[in-house]
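File shown: run.txt (compact mmCIF, C-alpha atoms and all ligand atoms).
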# COMPACT_ATOMS: atom_id res chain seq x y z
CA MET L 142 -13.24 -4.99 6.11
CA GLN L 143 -10.70 -2.42 5.08
CA LEU L 144 -11.48 1.08 3.79
CA THR L 145 -9.14 3.81 2.67
CA TRP L 146 -9.11 7.10 4.47
CA ASP L 147 -7.58 10.48 3.73
CA PRO L 148 -5.84 11.60 6.93
CA PRO L 149 -6.16 15.31 7.77
CA VAL L 150 -2.35 15.70 7.74
CA ALA L 151 0.39 15.49 5.12
CA ASP L 152 1.47 11.90 4.44
CA GLY L 153 4.88 12.54 6.00
CA GLN L 154 3.23 13.74 9.22
CA TYR L 155 0.94 10.74 9.68
CA VAL L 156 3.22 9.05 12.21
CA ALA L 157 4.53 12.18 13.94
CA GLU L 158 0.99 13.46 14.55
CA SER L 159 -0.55 10.08 15.42
CA ALA L 160 -3.20 10.90 12.84
CA TRP L 161 -5.00 7.56 13.34
CA GLU L 162 -6.15 8.78 16.76
CA ARG L 163 -8.32 11.34 14.99
CA ALA L 164 -9.79 8.94 12.43
CA VAL L 165 -13.56 9.14 12.12
CA LEU L 166 -15.69 6.47 10.50
CA ASP L 167 -18.14 8.54 8.43
CA GLU L 168 -20.43 5.65 7.75
CA CYS L 169 -20.47 1.95 8.61
CA PRO L 170 -19.72 0.11 5.35
CA PHE L 171 -22.23 -2.58 6.31
CA HIS L 172 -24.99 -0.22 7.41
CA ALA L 173 -25.00 2.92 5.30
CA GLY L 174 -28.06 4.27 7.08
CA GLY L 175 -26.35 4.12 10.46
CA GLY L 176 -27.95 2.99 13.67
CA CYS L 177 -25.76 -0.10 14.09
CA GLY L 178 -23.63 1.46 16.79
CA ALA L 179 -20.29 1.06 15.01
CA THR L 180 -17.67 2.44 17.31
CA GLY L 181 -13.92 2.95 17.76
CA HIS L 182 -11.99 -0.25 18.40
CA GLY L 183 -8.42 0.91 18.95
CA SER L 184 -5.73 0.61 16.32
CA TYR L 185 -3.15 -1.86 15.08
CA ALA L 186 0.51 -1.35 14.27
CA ARG L 187 2.09 -1.38 10.84
CA VAL L 188 5.65 -2.69 10.59
CA HIS L 189 6.52 0.06 8.15
CA PRO L 190 6.54 3.05 8.26
CA ALA L 191 7.87 2.60 11.80
CA GLY L 192 5.41 3.78 14.43
CA ALA L 193 2.43 3.92 12.08
CA ARG L 194 -0.88 2.58 13.32
CA VAL L 195 -4.17 2.01 11.55
CA ALA L 196 -7.46 3.02 13.16
CA ARG L 197 -9.97 0.27 13.67
CA PHE L 198 -13.71 0.31 14.32
CA TRP L 199 -16.18 -2.37 15.29
CA CYS L 200 -19.70 -2.95 14.00
CA PRO L 201 -21.59 -4.91 16.68
CA VAL L 202 -24.40 -5.88 14.30
CA GLU L 203 -22.13 -7.31 11.58
CA ARG L 204 -19.68 -8.48 14.27
CA ALA L 205 -16.85 -7.29 12.06
CA SER L 206 -13.96 -4.88 12.39
CA ILE L 207 -13.44 -2.03 9.96
CA SER L 208 -9.97 -0.58 9.51
CA LEU L 209 -9.19 2.79 7.96
CA LEU L 210 -6.03 2.43 5.91
CA PRO L 211 -4.50 5.84 5.22
CA ALA L 212 -4.73 6.25 1.44
CA PHE L 213 -0.96 6.65 0.96
CA LEU L 214 -0.09 3.22 2.44
CA ALA L 215 0.12 -0.03 0.50
CA ALA L 216 -2.47 -2.64 1.41
CA ARG L 217 -1.14 -5.88 2.90
CA LEU L 218 2.46 -5.00 2.15
CA PRO L 219 4.84 -2.91 4.19
CA GLY L 220 5.54 0.59 2.97
CA THR L 221 3.86 3.34 1.04
CA LEU L 222 2.38 3.51 -2.45
CA ASP L 223 5.08 6.04 -3.37
CA GLU L 224 7.77 3.51 -2.43
CA LEU L 225 6.14 0.85 -4.61
CA GLU L 226 5.80 3.37 -7.41
CA ALA L 227 9.53 4.07 -7.21
CA VAL L 228 10.24 0.35 -7.60
CA LEU L 229 7.87 0.03 -10.54
CA ASP L 230 9.52 3.07 -12.12
CA VAL L 231 12.90 1.38 -11.95
CA VAL L 232 11.47 -1.81 -13.45
CA GLU L 233 9.82 0.04 -16.30
CA GLN L 234 13.10 1.74 -17.10
CA ALA L 235 15.39 -1.23 -16.52
CA ALA L 236 16.61 -3.57 -19.21
CA SER L 237 15.73 -6.62 -17.17
CA VAL L 238 13.87 -7.53 -14.03
CA VAL L 239 17.10 -8.83 -12.49
CA GLU L 240 18.86 -5.56 -13.03
CA ALA L 241 15.86 -3.75 -11.60
CA ALA L 242 15.80 -5.97 -8.56
CA GLU L 243 19.42 -5.14 -7.80
CA VAL L 244 18.78 -1.42 -8.10
CA ALA L 245 15.42 -1.23 -6.36
CA ARG L 246 15.71 -3.80 -3.60
CA PRO L 247 16.10 -2.15 -0.19
CA ALA L 248 19.47 -3.08 1.29
CA ASP L 249 17.84 -3.92 4.62
CA ASP L 250 15.51 -6.57 3.24
CA ALA L 251 17.18 -9.63 4.72
CA HIS L 252 15.16 -11.95 2.51
CA ALA L 253 16.39 -10.44 -0.72
CA VAL L 254 20.01 -11.48 -0.58
CA THR L 255 20.48 -13.03 -4.00
CA SER L 256 19.48 -11.95 -7.47
CA ILE L 257 16.88 -14.70 -7.61
CA SER L 258 15.23 -13.81 -4.36
CA ALA L 259 15.51 -10.13 -5.27
CA MET L 260 13.73 -10.87 -8.52
CA ARG L 261 11.02 -12.70 -6.64
CA TRP L 262 10.78 -9.78 -4.23
CA VAL L 263 10.12 -7.43 -7.14
CA ARG L 264 7.72 -9.77 -8.92
CA ARG L 265 5.71 -10.47 -5.79
CA ARG L 266 5.12 -6.76 -5.35
CA LEU L 267 4.72 -5.75 -8.94
CA GLY L 268 2.65 -8.57 -10.43
CA PRO L 269 -0.56 -7.61 -8.58
CA LEU L 270 0.24 -3.93 -9.03
CA ARG L 271 0.50 -4.27 -12.80
CA ALA L 272 -2.71 -6.32 -12.84
CA ALA L 273 -4.46 -3.50 -10.98
CA LEU L 274 -3.16 -0.87 -13.43
CA LEU L 275 -4.35 -2.97 -16.34
CA ALA L 276 -7.79 -3.34 -14.75
CA LEU L 277 -8.05 0.39 -14.09
CA VAL L 278 -7.34 1.53 -17.65
CA THR L 279 -10.40 -0.55 -18.56
CA LEU L 280 -12.58 0.44 -15.61
CA LEU L 281 -11.99 4.20 -15.53
CA PRO L 282 -13.35 6.16 -18.50
CA ALA L 283 -10.72 8.85 -17.87
CA LEU L 284 -8.02 6.28 -18.65
CA ALA L 285 -9.62 4.73 -21.74
CA GLY L 286 -6.96 3.71 -24.25
CA CYS L 287 -4.09 4.58 -21.93
CA ARG L 288 -1.23 2.10 -21.66
CA PRO L 289 -1.01 0.65 -18.12
CA THR L 290 2.47 2.01 -17.41
CA LEU L 291 3.45 4.70 -14.93
CA GLY L 292 4.84 6.88 -17.71
CA ALA L 293 1.65 6.76 -19.76
CA LEU L 294 -0.57 7.19 -16.70
CA ARG L 295 1.43 10.20 -15.48
CA ALA L 296 1.02 11.86 -18.86
CA ARG L 297 -2.71 11.09 -19.02
CA LEU L 298 -3.48 12.16 -15.45
CA GLY L 299 -1.05 15.08 -15.33
CA VAL L 300 0.30 13.98 -11.95
CA THR L 301 3.61 12.73 -10.59
CA ARG L 302 2.19 10.30 -8.00
CA VAL L 303 0.20 7.82 -10.04
CA LEU L 304 -0.69 5.26 -7.35
CA VAL L 305 -2.02 7.65 -4.74
CA THR L 306 -3.98 9.42 -7.48
CA LEU L 307 -5.50 6.13 -8.65
CA ARG L 308 -6.45 5.23 -5.06
CA SER L 309 -8.61 8.28 -4.95
CA LEU L 310 -9.95 8.10 -8.54
CA ALA L 311 -10.84 4.43 -8.22
CA LYS L 312 -12.44 4.52 -4.77
CA GLU L 313 -15.50 2.54 -5.82
CA HIS L 314 -13.36 -0.18 -7.45
CA LEU L 315 -10.85 -0.72 -4.63
CA HIS L 316 -12.61 -3.78 -3.24
CA SER L 317 -12.38 -5.56 -6.59
CA LEU L 318 -8.68 -4.75 -7.11
CA SER L 319 -5.80 -6.76 -5.66
CA PRO L 320 -3.54 -5.36 -2.96
CA PRO L 321 -1.22 -3.52 -2.64
CA LEU L 322 -3.18 -0.89 -4.63
CA GLY L 323 -6.66 -2.33 -4.10
CA LEU L 324 -8.30 -3.74 -0.98
CA ARG L 325 -9.66 -7.02 -2.26
CA ALA L 326 -9.95 -9.52 0.56
CA ARG L 327 -8.41 -12.96 0.30
CA ALA L 328 -10.74 -15.48 -1.29
CA ALA L 329 -13.01 -17.08 1.30
CA ARG L 330 -12.42 -20.77 1.87
ZN ZN L 401 -22.62 -1.43 11.03
Written form, structure tokens:
Amino acid sequence: MQLTWDPPVADGQYVAESAWERAVLDECPFHAGGGCGATGHGSYARVHPAGARVARFWCPVERASISLLPAFLAARLPGTLDELEAVLDVVEQAASVVEAAEVARPADDAHAVTSISAMRWVRRRLGPLRAALLALVTLLPALAGCRPTLGALRARLGVTRVLVTLRSLAKEHLHSLSPPLGLRARAAR
């Protein structure tokens, strides 16, 4: 089970201040009334940003771990929501996805060495992200009638960082939205 968490430090200080060490689980997501004895269970490393860790807790009754993903990080993808937003911005402004892939693709992504793989790189990240934006303009009354683009959402919300804003506005919907914005778990088999 993954939950989002607002660290008590600026996003850029999360790693430097080891903010995950101070994470507190306000309430067990399985036992809202408490009493289950959910307790700290260490942390796990994220590949990117380098040095970042995610706090983890353990509920002994549910026999499940609970991780507190800092709200500015993408779910199940490396990197931050701001980084993904920058890529989506380029795509929205680019004439074609291929052109966007060549502009937005990080030079150090060894897997994205050709235009085709770069295009796949962009699509893999942005397909679920666009689906989440489309779902949110339907789910959130504040976004009713808004087009599901960053430009339109920025204007409607009056913010520059759309994805981190939506993470916080859509807290109760995150488990029904796909990663990297939402926290929906993989389908059970
Ligand atoms: Zn519990």
Open item on the list: At a cut-off of 9 Å, using all atoms listed in the file, what residues contact stretch 196-201 of chain L? Leave out same-chain residues fewer than 3 positions from it and give the result as a ChimeraX atom specification.
Closed with: /L:160-166,169,171-172,177-185,204-211
Open item on the list: Is it possible to get the residues within 7 Å of (-11.1, 8.0, 1.0) (coordinates as in the file, counting only C-alpha atoms) written as a ChimeraX atom specification?
Closed with: /L:145-147,212,309,312
Would you export the selected residues with C-alpha atoms as a PDB file, in the frame of the given file, please?
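What ended up in part.pdb:
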ATOM      1  CA  THR L 145      -9.140   3.810   2.670  1.00  0.00           C
ATOM      2  CA  TRP L 146      -9.110   7.100   4.470  1.00  0.00           C
ATOM      3  CA  ASP L 147      -7.580  10.480   3.730  1.00  0.00           C
ATOM      4  CA  ALA L 212      -4.730   6.250   1.440  1.00  0.00           C
ATOM      5  CA  SER L 309      -8.610   8.280  -4.950  1.00  0.00           C
ATOM      6  CA  LYS L 312     -12.440   4.520  -4.770  1.00  0.00           C
TER       7      LYS L 312
END
Open item on the list: So, with all atoms listed in the file as the atoms that count, which of L:Met142, L:Val156, L:Ala173, L:Ala296 lies closest to ligand ZN 401 (chain L)?
Closed with: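 Among L:Met142, L:Val156, L:Ala173, L:Ala296, it is L:Ala173 that comes nearest to ligand ZN 401 (chain L).
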Task: Two-atom distance - atom CA of L:Leu310, atom CA of L:Ala235 (Å) - done: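 Interatomic distance here is 28.2 Å.
Checking L:Arg325, L:Ser159, L:Leu275, L:Pro148 one by one against L:Ala191, counting only C-alpha atoms, you find the shortest gap at L:Ser159.
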Emit as JSON the padded axis-aligned box for all listed atoms of stretch 274-284 of chain L, 8 Å per side, with centre and edge lengths in Å to one decimal.
{"center_x": -8.3, "center_y": 2.8, "center_z": -16.0, "size_x": 26.2, "size_y": 28.2, "size_z": 21.2}
- [ ] Pick out the closest residue to ligand ZN 401 (chain L) from this set: L:Pro219, L:Gly153, L:Gly268, L:Gly175. Count all atoms listed in the file.
- [x]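 Between L:Pro219, L:Gly153, L:Gly268, L:Gly175, the residue approaching ligand ZN 401 (chain L) most closely is L:Gly175.
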Task: Atom pair atom CA of L:Asp223 / atom CA of L:Ala151: separation (Å) - done: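 If I compute the distance from atom CA of L:Asp223 to atom CA of L:Ala151, I get 13.5 Å.
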TODO: Grab the atom CA of L:Leu267 to atom CA of L:Gly299 distance for me, in Å with one decimal place.
DONE: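 According to the coordinates, atom CA of L:Leu267 and atom CA of L:Gly299 are separated by 22.5 Å.
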Shell of 10 Å around L:Glu224, only C-alpha atoms, local chain residues under 5 positions omitted, as a compact mmCIF listing (two decimals) with C-alpha atoms, in the frame of the given file:
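Final output, selection-v8.txt:
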# COMPACT_ATOMS: atom_id res chain seq x y z
CA PHE L 213 -0.96 6.65 0.96
CA LEU L 214 -0.09 3.22 2.44
CA ALA L 215 0.12 -0.03 0.50
CA PRO L 219 4.84 -2.91 4.19
CA LEU L 229 7.87 0.03 -10.54
CA ASP L 230 9.52 3.07 -12.12
CA ALA L 245 15.42 -1.23 -6.36
CA LEU L 304 -0.69 5.26 -7.35
